[in-house]
Amino acid sequence: MAIRIAHYTLFMRKEDVEKHYFCGLAGFRRQYPHCIEDEHLIAVCSMSGGEMQEYTLEICERGLIDMALAEWELGWLMKTGWAEIGISQGTQMCWLKEHAPEGAAEWRGIFGDLFIDVCCAQNSDLKRENDHASD
């Protein structure tokens with residue numbers, strides 16, 4: 001299964017949310033009742049880049065830093081090794097890498113991987129800061 005990319009969509013693995021988000025998967029669902037999910041991923045969406053930045057920072061502060069962010073025209077804004085995006089059922093979708101939907105086609109967005117390096121570097125900095133905070 002896969003999750004549709006709607007405007008800005010922040011994707012997380014359910015297993016990571018359960019292990020690392022401060023109140024687990026149930027708490028995440030309570031905090032973000034509008035989240036969407038499939039059997040492997042959970043996501044929050046926003047039409048606003050500013051609101052998505054707030055969601056991302058808030059989720060990071062609550063313990064989860066391994067996330068993927070995609071925008072419905074641009075493609076990846078923040079990429080991880082466990083997620084893929086493509087076209088499935090006629091629309092842009094994201095799925096867990098080893099669980100691609102049948103018949104999915106490659107899609108890179110308007111700018112391809114233009115934003116990945118910058119966003120991944122920022123995500124890596126957050127991860128290092130978080131790792132040191134627990135020392």
# chains A, B, ... in the order shown; residues from 1 in each chain; ligands from 1

call {"tool": "residues_around", "arguments": {"residues": "A:Glu51", "least_positions_apart": "5", "cutoff": "12 Å", "atoms": "only C-alpha atoms", "output": "number ranges by chain"}}
result
A: 7-10, 44-46, 56-58

call {"tool": "residues_around", "arguments": {"residues": "stretch 83-88 of chain A", "least_positions_apart": "4", "cutoff": "12 Å", "atoms": "only C-alpha atoms", "output": "NGL selection string"}}
result
:A and (1-5 or 9-13 or 40-42 or 66-79 or 92-109 or 112-113)

call {"tool": "residues_around", "arguments": {"residues": "A:His20", "least_positions_apart": "4", "cutoff": "9 Å", "atoms": "only C-alpha atoms", "output": "ChimeraX atom specification"}}
result
/A:15-16,24,62-65

call {"tool": "write_last_selection", "arguments": {"atoms": "N, CA, C and O atoms", "output": "short mmCIF file (atom, residue, chain, number, x, y, z; two decimals), in the first residue's frame"}}
result
data_model
loop_
_atom_site.label_atom_id
_atom_site.label_comp_id
_atom_site.auth_asym_id
_atom_site.auth_seq_id
_atom_site.Cartn_x
_atom_site.Cartn_y
_atom_site.Cartn_z
N GLU A 15 6.93 1.99 12.85
CA GLU A 15 7.78 1.37 13.87
C GLU A 15 8.67 2.42 14.55
O GLU A 15 8.93 2.34 15.75
N ASP A 16 9.14 3.43 13.81
CA ASP A 16 9.95 4.50 14.41
C ASP A 16 9.12 5.38 15.33
O ASP A 16 9.58 5.79 16.39
N GLY A 24 4.57 7.32 21.69
CA GLY A 24 4.27 6.22 20.80
C GLY A 24 3.28 6.53 19.70
O GLY A 24 2.87 7.68 19.49
N ARG A 62 9.97 15.99 19.85
CA ARG A 62 9.34 14.91 20.61
C ARG A 62 9.98 13.56 20.36
O ARG A 62 9.41 12.53 20.70
N GLY A 63 11.17 13.56 19.72
CA GLY A 63 11.97 12.35 19.66
C GLY A 63 12.11 11.65 18.33
O GLY A 63 12.86 10.68 18.22
N LEU A 64 11.40 12.08 17.32
CA LEU A 64 11.46 11.38 16.03
C LEU A 64 12.19 12.24 15.01
O LEU A 64 11.78 13.36 14.74
N ILE A 65 13.29 11.72 14.47
CA ILE A 65 14.06 12.54 13.53
C ILE A 65 14.22 11.90 12.16
O ILE A 65 14.64 12.56 11.22
#

call {"tool": "atom_distance", "arguments": {"atom1": "atom CA of A:Cys23", "atom2": "atom CA of A:Glu54"}}
result
18.6 Å

call {"tool": "select_by_dssp", "arguments": {"residues": "stretch 1-103 of chain A", "states": "strand (DSSP E)", "output": "compact mmCIF listing (two decimals) with N, CA, C and O atoms, in the first residue's frame"}}
result
# COMPACT_ATOMS: atom_id res chain seq x y z
N ILE A 3 0.82 5.93 0.46
CA ILE A 3 0.12 7.12 0.92
C ILE A 3 0.26 8.20 -0.16
O ILE A 3 1.36 8.46 -0.65
N ARG A 4 -0.84 8.83 -0.48
CA ARG A 4 -0.86 9.89 -1.48
C ARG A 4 -0.09 11.12 -0.97
O ARG A 4 -0.22 11.50 0.19
N TYR A 8 2.29 19.43 0.94
CA TYR A 8 3.48 19.01 1.71
C TYR A 8 3.07 17.82 2.56
O TYR A 8 2.10 17.90 3.31
N THR A 9 3.81 16.73 2.45
CA THR A 9 3.47 15.53 3.22
C THR A 9 4.73 15.01 3.91
O THR A 9 5.74 14.76 3.25
N LEU A 10 4.65 14.87 5.22
CA LEU A 10 5.76 14.39 6.04
C LEU A 10 5.48 12.93 6.40
O LEU A 10 4.47 12.62 7.02
N PHE A 11 6.40 12.04 5.98
CA PHE A 11 6.23 10.60 6.16
C PHE A 11 7.15 10.06 7.24
O PHE A 11 8.31 10.46 7.33
N MET A 12 6.64 9.14 8.03
CA MET A 12 7.41 8.46 9.06
C MET A 12 7.06 6.98 9.05
O MET A 12 5.93 6.62 8.72
N ARG A 13 8.02 6.15 9.42
CA ARG A 13 7.72 4.72 9.57
C ARG A 13 6.97 4.54 10.89
O ARG A 13 7.37 5.08 11.92
N ILE A 36 -2.62 10.47 8.12
CA ILE A 36 -3.04 9.39 7.23
C ILE A 36 -2.01 8.27 7.34
O ILE A 36 -0.86 8.52 7.68
N GLU A 37 -2.44 7.06 7.08
CA GLU A 37 -1.52 5.94 7.27
C GLU A 37 -1.88 4.76 6.39
O GLU A 37 -3.01 4.63 5.93
N LEU A 41 3.49 3.10 6.99
CA LEU A 41 3.83 4.52 7.14
C LEU A 41 2.69 5.30 7.77
O LEU A 41 1.53 4.91 7.68
N ILE A 42 3.06 6.41 8.37
CA ILE A 42 2.08 7.37 8.88
C ILE A 42 2.56 8.74 8.42
O ILE A 42 3.77 8.97 8.32
N ALA A 43 1.63 9.64 8.11
CA ALA A 43 2.01 10.93 7.53
C ALA A 43 1.09 12.04 8.00
O ALA A 43 -0.07 11.81 8.35
N VAL A 44 1.64 13.25 8.01
CA VAL A 44 0.85 14.46 8.22
C VAL A 44 1.02 15.34 6.99
O VAL A 44 2.09 15.35 6.37
N CYS A 45 -0.02 16.07 6.64
CA CYS A 45 -0.02 16.89 5.43
C CYS A 45 -0.37 18.33 5.79
O CYS A 45 -1.05 18.59 6.77
N SER A 46 0.07 19.24 4.93
CA SER A 46 -0.30 20.64 5.07
C SER A 46 -0.18 21.32 3.72
O SER A 46 0.67 20.97 2.91
N ALA A 68 10.70 11.67 6.12
CA ALA A 68 10.82 12.02 4.71
C ALA A 68 9.74 13.06 4.40
O ALA A 68 8.61 12.95 4.89
N LEU A 69 10.10 14.06 3.62
CA LEU A 69 9.16 15.12 3.25
C LEU A 69 9.09 15.24 1.74
O LEU A 69 10.12 15.31 1.07
N ALA A 70 7.87 15.22 1.21
CA ALA A 70 7.67 15.38 -0.23
C ALA A 70 6.59 16.43 -0.48
O ALA A 70 5.71 16.64 0.36
N GLU A 71 6.69 17.07 -1.63
CA GLU A 71 5.69 18.05 -2.06
C GLU A 71 5.10 17.54 -3.36
O GLU A 71 5.82 16.97 -4.19
N GLY A 75 8.40 16.99 -5.58
CA GLY A 75 9.01 15.71 -5.23
C GLY A 75 9.64 15.78 -3.86
O GLY A 75 9.14 16.44 -2.95
N TRP A 76 10.77 15.10 -3.68
CA TRP A 76 11.43 15.05 -2.37
C TRP A 76 11.94 16.43 -1.94
O TRP A 76 12.59 17.12 -2.70
N LEU A 77 11.69 16.76 -0.71
CA LEU A 77 12.30 17.92 -0.06
C LEU A 77 13.25 17.45 1.03
O LEU A 77 14.20 18.13 1.37
N MET A 78 12.97 16.28 1.59
CA MET A 78 13.82 15.65 2.61
C MET A 78 13.67 14.15 2.40
O MET A 78 12.58 13.60 2.54
N ALA A 83 12.21 5.22 2.06
CA ALA A 83 10.99 5.61 1.35
C ALA A 83 11.25 5.83 -0.13
O ALA A 83 12.34 6.22 -0.53
N GLU A 84 10.22 5.58 -0.93
CA GLU A 84 10.26 5.87 -2.35
C GLU A 84 8.99 6.61 -2.74
O GLU A 84 7.95 6.42 -2.11
N ILE A 85 9.12 7.44 -3.76
CA ILE A 85 7.94 8.09 -4.32
C ILE A 85 7.81 7.70 -5.78
O ILE A 85 8.78 7.35 -6.44
N GLY A 86 6.59 7.73 -6.26
CA GLY A 86 6.33 7.40 -7.65
C GLY A 86 4.86 7.61 -7.96
O GLY A 86 4.12 8.18 -7.16
N ILE A 87 4.46 7.16 -9.13
CA ILE A 87 3.07 7.26 -9.55
C ILE A 87 2.42 5.90 -9.36
O ILE A 87 2.93 4.88 -9.84
N SER A 88 1.33 5.90 -8.65
CA SER A 88 0.54 4.68 -8.45
C SER A 88 -0.92 5.09 -8.47
O SER A 88 -1.28 6.12 -7.89
N THR A 91 -1.65 8.83 -9.38
CA THR A 91 -1.30 9.98 -8.56
C THR A 91 0.05 9.78 -7.88
O THR A 91 0.54 8.66 -7.78
N GLN A 92 0.63 10.86 -7.38
CA GLN A 92 1.91 10.79 -6.69
C GLN A 92 1.71 10.14 -5.33
O GLN A 92 0.86 10.56 -4.55
N MET A 93 2.55 9.13 -5.05
CA MET A 93 2.42 8.36 -3.81
C MET A 93 3.79 8.14 -3.19
O MET A 93 4.82 8.25 -3.85
N CYS A 94 3.79 7.78 -1.90
CA CYS A 94 5.00 7.40 -1.18
C CYS A 94 4.73 6.04 -0.52
O CYS A 94 3.62 5.79 -0.05
N TRP A 95 5.79 5.22 -0.51
CA TRP A 95 5.65 3.90 0.11
C TRP A 95 6.98 3.48 0.73
O TRP A 95 8.03 4.03 0.41
N LEU A 96 6.90 2.52 1.62
CA LEU A 96 8.10 1.92 2.19
C LEU A 96 8.82 1.19 1.07
O LEU A 96 8.19 0.44 0.31

call {"tool": "select_by_dssp", "arguments": {"residues": "stretch 16-118 of chain A", "states": "alpha helix (DSSP H)", "output": "MDAnalysis selection string"}}
result
chainID A and resid 16:20 24:31 49:61 116:118

call {"tool": "write_last_selection", "arguments": {"atoms": "N, CA and C atoms", "output": "mmCIF file, in the first residue's frame"}}
result
data_model
loop_
_atom_site.group_PDB
_atom_site.id
_atom_site.type_symbol
_atom_site.label_atom_id
_atom_site.label_comp_id
_atom_site.auth_asym_id
_atom_site.auth_seq_id
_atom_site.Cartn_x
_atom_site.Cartn_y
_atom_site.Cartn_z
ATOM 1 N N ASP A 16 9.138 3.432 13.813
ATOM 2 C CA ASP A 16 9.948 4.500 14.405
ATOM 3 C C ASP A 16 9.118 5.379 15.328
ATOM 4 N N VAL A 17 7.891 5.675 14.896
ATOM 5 C CA VAL A 17 6.998 6.486 15.739
ATOM 6 C C VAL A 17 6.743 5.754 17.047
ATOM 7 N N GLU A 18 6.465 4.470 16.973
ATOM 8 C CA GLU A 18 6.202 3.687 18.185
ATOM 9 C C GLU A 18 7.403 3.677 19.128
ATOM 10 N N LYS A 19 8.608 3.548 18.579
ATOM 11 C CA LYS A 19 9.818 3.459 19.406
ATOM 12 C C LYS A 19 10.333 4.807 19.901
ATOM 13 N N HIS A 20 10.249 5.837 19.062
ATOM 14 C CA HIS A 20 10.969 7.072 19.364
ATOM 15 C C HIS A 20 10.104 8.290 19.670
ATOM 16 N N GLY A 24 4.569 7.322 21.691
ATOM 17 C CA GLY A 24 4.271 6.215 20.800
ATOM 18 C C GLY A 24 3.276 6.528 19.701
ATOM 19 N N LEU A 25 2.868 5.504 19.004
ATOM 20 C CA LEU A 25 1.964 5.630 17.869
ATOM 21 C C LEU A 25 0.582 6.125 18.298
ATOM 22 N N ALA A 26 0.077 5.616 19.404
ATOM 23 C CA ALA A 26 -1.240 6.052 19.886
ATOM 24 C C ALA A 26 -1.214 7.544 20.234
ATOM 25 N N GLY A 27 -0.137 7.985 20.871
ATOM 26 C CA GLY A 27 -0.005 9.401 21.210
ATOM 27 C C GLY A 27 0.134 10.272 19.975
ATOM 28 N N PHE A 28 0.857 9.769 18.973
ATOM 29 C CA PHE A 28 0.996 10.510 17.716
ATOM 30 C C PHE A 28 -0.369 10.699 17.071
ATOM 31 N N ARG A 29 -1.164 9.626 17.042
ATOM 32 C CA ARG A 29 -2.510 9.717 16.450
ATOM 33 C C ARG A 29 -3.386 10.702 17.211
ATOM 34 N N ARG A 30 -3.244 10.753 18.536
ATOM 35 C CA ARG A 30 -4.006 11.726 19.328
ATOM 36 C C ARG A 30 -3.543 13.147 19.022
ATOM 37 N N GLN A 31 -2.231 13.347 18.903
ATOM 38 C CA GLN A 31 -1.661 14.673 18.630
ATOM 39 C C GLN A 31 -2.009 15.158 17.226
ATOM 40 N N GLY A 49 3.816 25.604 3.714
ATOM 41 C CA GLY A 49 5.197 25.237 4.014
ATOM 42 C C GLY A 49 5.590 25.632 5.424
ATOM 43 N N GLY A 50 5.096 26.775 5.889
ATOM 44 C CA GLY A 50 5.381 27.223 7.252
ATOM 45 C C GLY A 50 4.798 26.292 8.294
ATOM 46 N N GLU A 51 3.560 25.865 8.075
ATOM 47 C CA GLU A 51 2.935 24.916 8.999
ATOM 48 C C GLU A 51 3.669 23.581 8.986
ATOM 49 N N MET A 52 4.101 23.141 7.798
ATOM 50 C CA MET A 52 4.832 21.875 7.716
ATOM 51 C C MET A 52 6.161 21.982 8.460
ATOM 52 N N GLN A 53 6.812 23.134 8.372
ATOM 53 C CA GLN A 53 8.050 23.332 9.123
ATOM 54 C C GLN A 53 7.785 23.227 10.625
ATOM 55 N N GLU A 54 6.679 23.801 11.083
ATOM 56 C CA GLU A 54 6.308 23.698 12.501
ATOM 57 C C GLU A 54 6.073 22.240 12.895
ATOM 58 N N TYR A 55 5.318 21.496 12.073
ATOM 59 C CA TYR A 55 5.080 20.073 12.354
ATOM 60 C C TYR A 55 6.409 19.326 12.465
ATOM 61 N N THR A 56 7.284 19.559 11.494
ATOM 62 C CA THR A 56 8.566 18.844 11.456
ATOM 63 C C THR A 56 9.385 19.115 12.703
ATOM 64 N N LEU A 57 9.507 20.372 13.083
ATOM 65 C CA LEU A 57 10.278 20.730 14.279
ATOM 66 C C LEU A 57 9.638 20.163 15.540
ATOM 67 N N GLU A 58 8.317 20.246 15.617
ATOM 68 C CA GLU A 58 7.584 19.722 16.773
ATOM 69 C C GLU A 58 7.804 18.214 16.927
ATOM 70 N N ILE A 59 7.719 17.497 15.825
ATOM 71 C CA ILE A 59 7.903 16.041 15.865
ATOM 72 C C ILE A 59 9.342 15.697 16.225
ATOM 73 N N CYS A 60 10.302 16.461 15.682
ATOM 74 C CA CYS A 60 11.719 16.259 16.040
ATOM 75 C C CYS A 60 11.941 16.470 17.528
ATOM 76 N N GLU A 61 11.362 17.526 18.072
ATOM 77 C CA GLU A 61 11.522 17.829 19.498
ATOM 78 C C GLU A 61 10.931 16.737 20.373
ATOM 79 N N ILE A 116 17.244 17.772 -2.038
ATOM 80 C CA ILE A 116 17.597 16.680 -1.132
ATOM 81 C C ILE A 116 18.848 16.967 -0.322
ATOM 82 N N ASP A 117 19.915 17.414 -0.965
ATOM 83 C CA ASP A 117 21.184 17.608 -0.260
ATOM 84 C C ASP A 117 21.054 18.589 0.894
ATOM 85 N N VAL A 118 20.398 19.709 0.658
ATOM 86 C CA VAL A 118 20.249 20.727 1.703
ATOM 87 C C VAL A 118 19.396 20.200 2.845
#
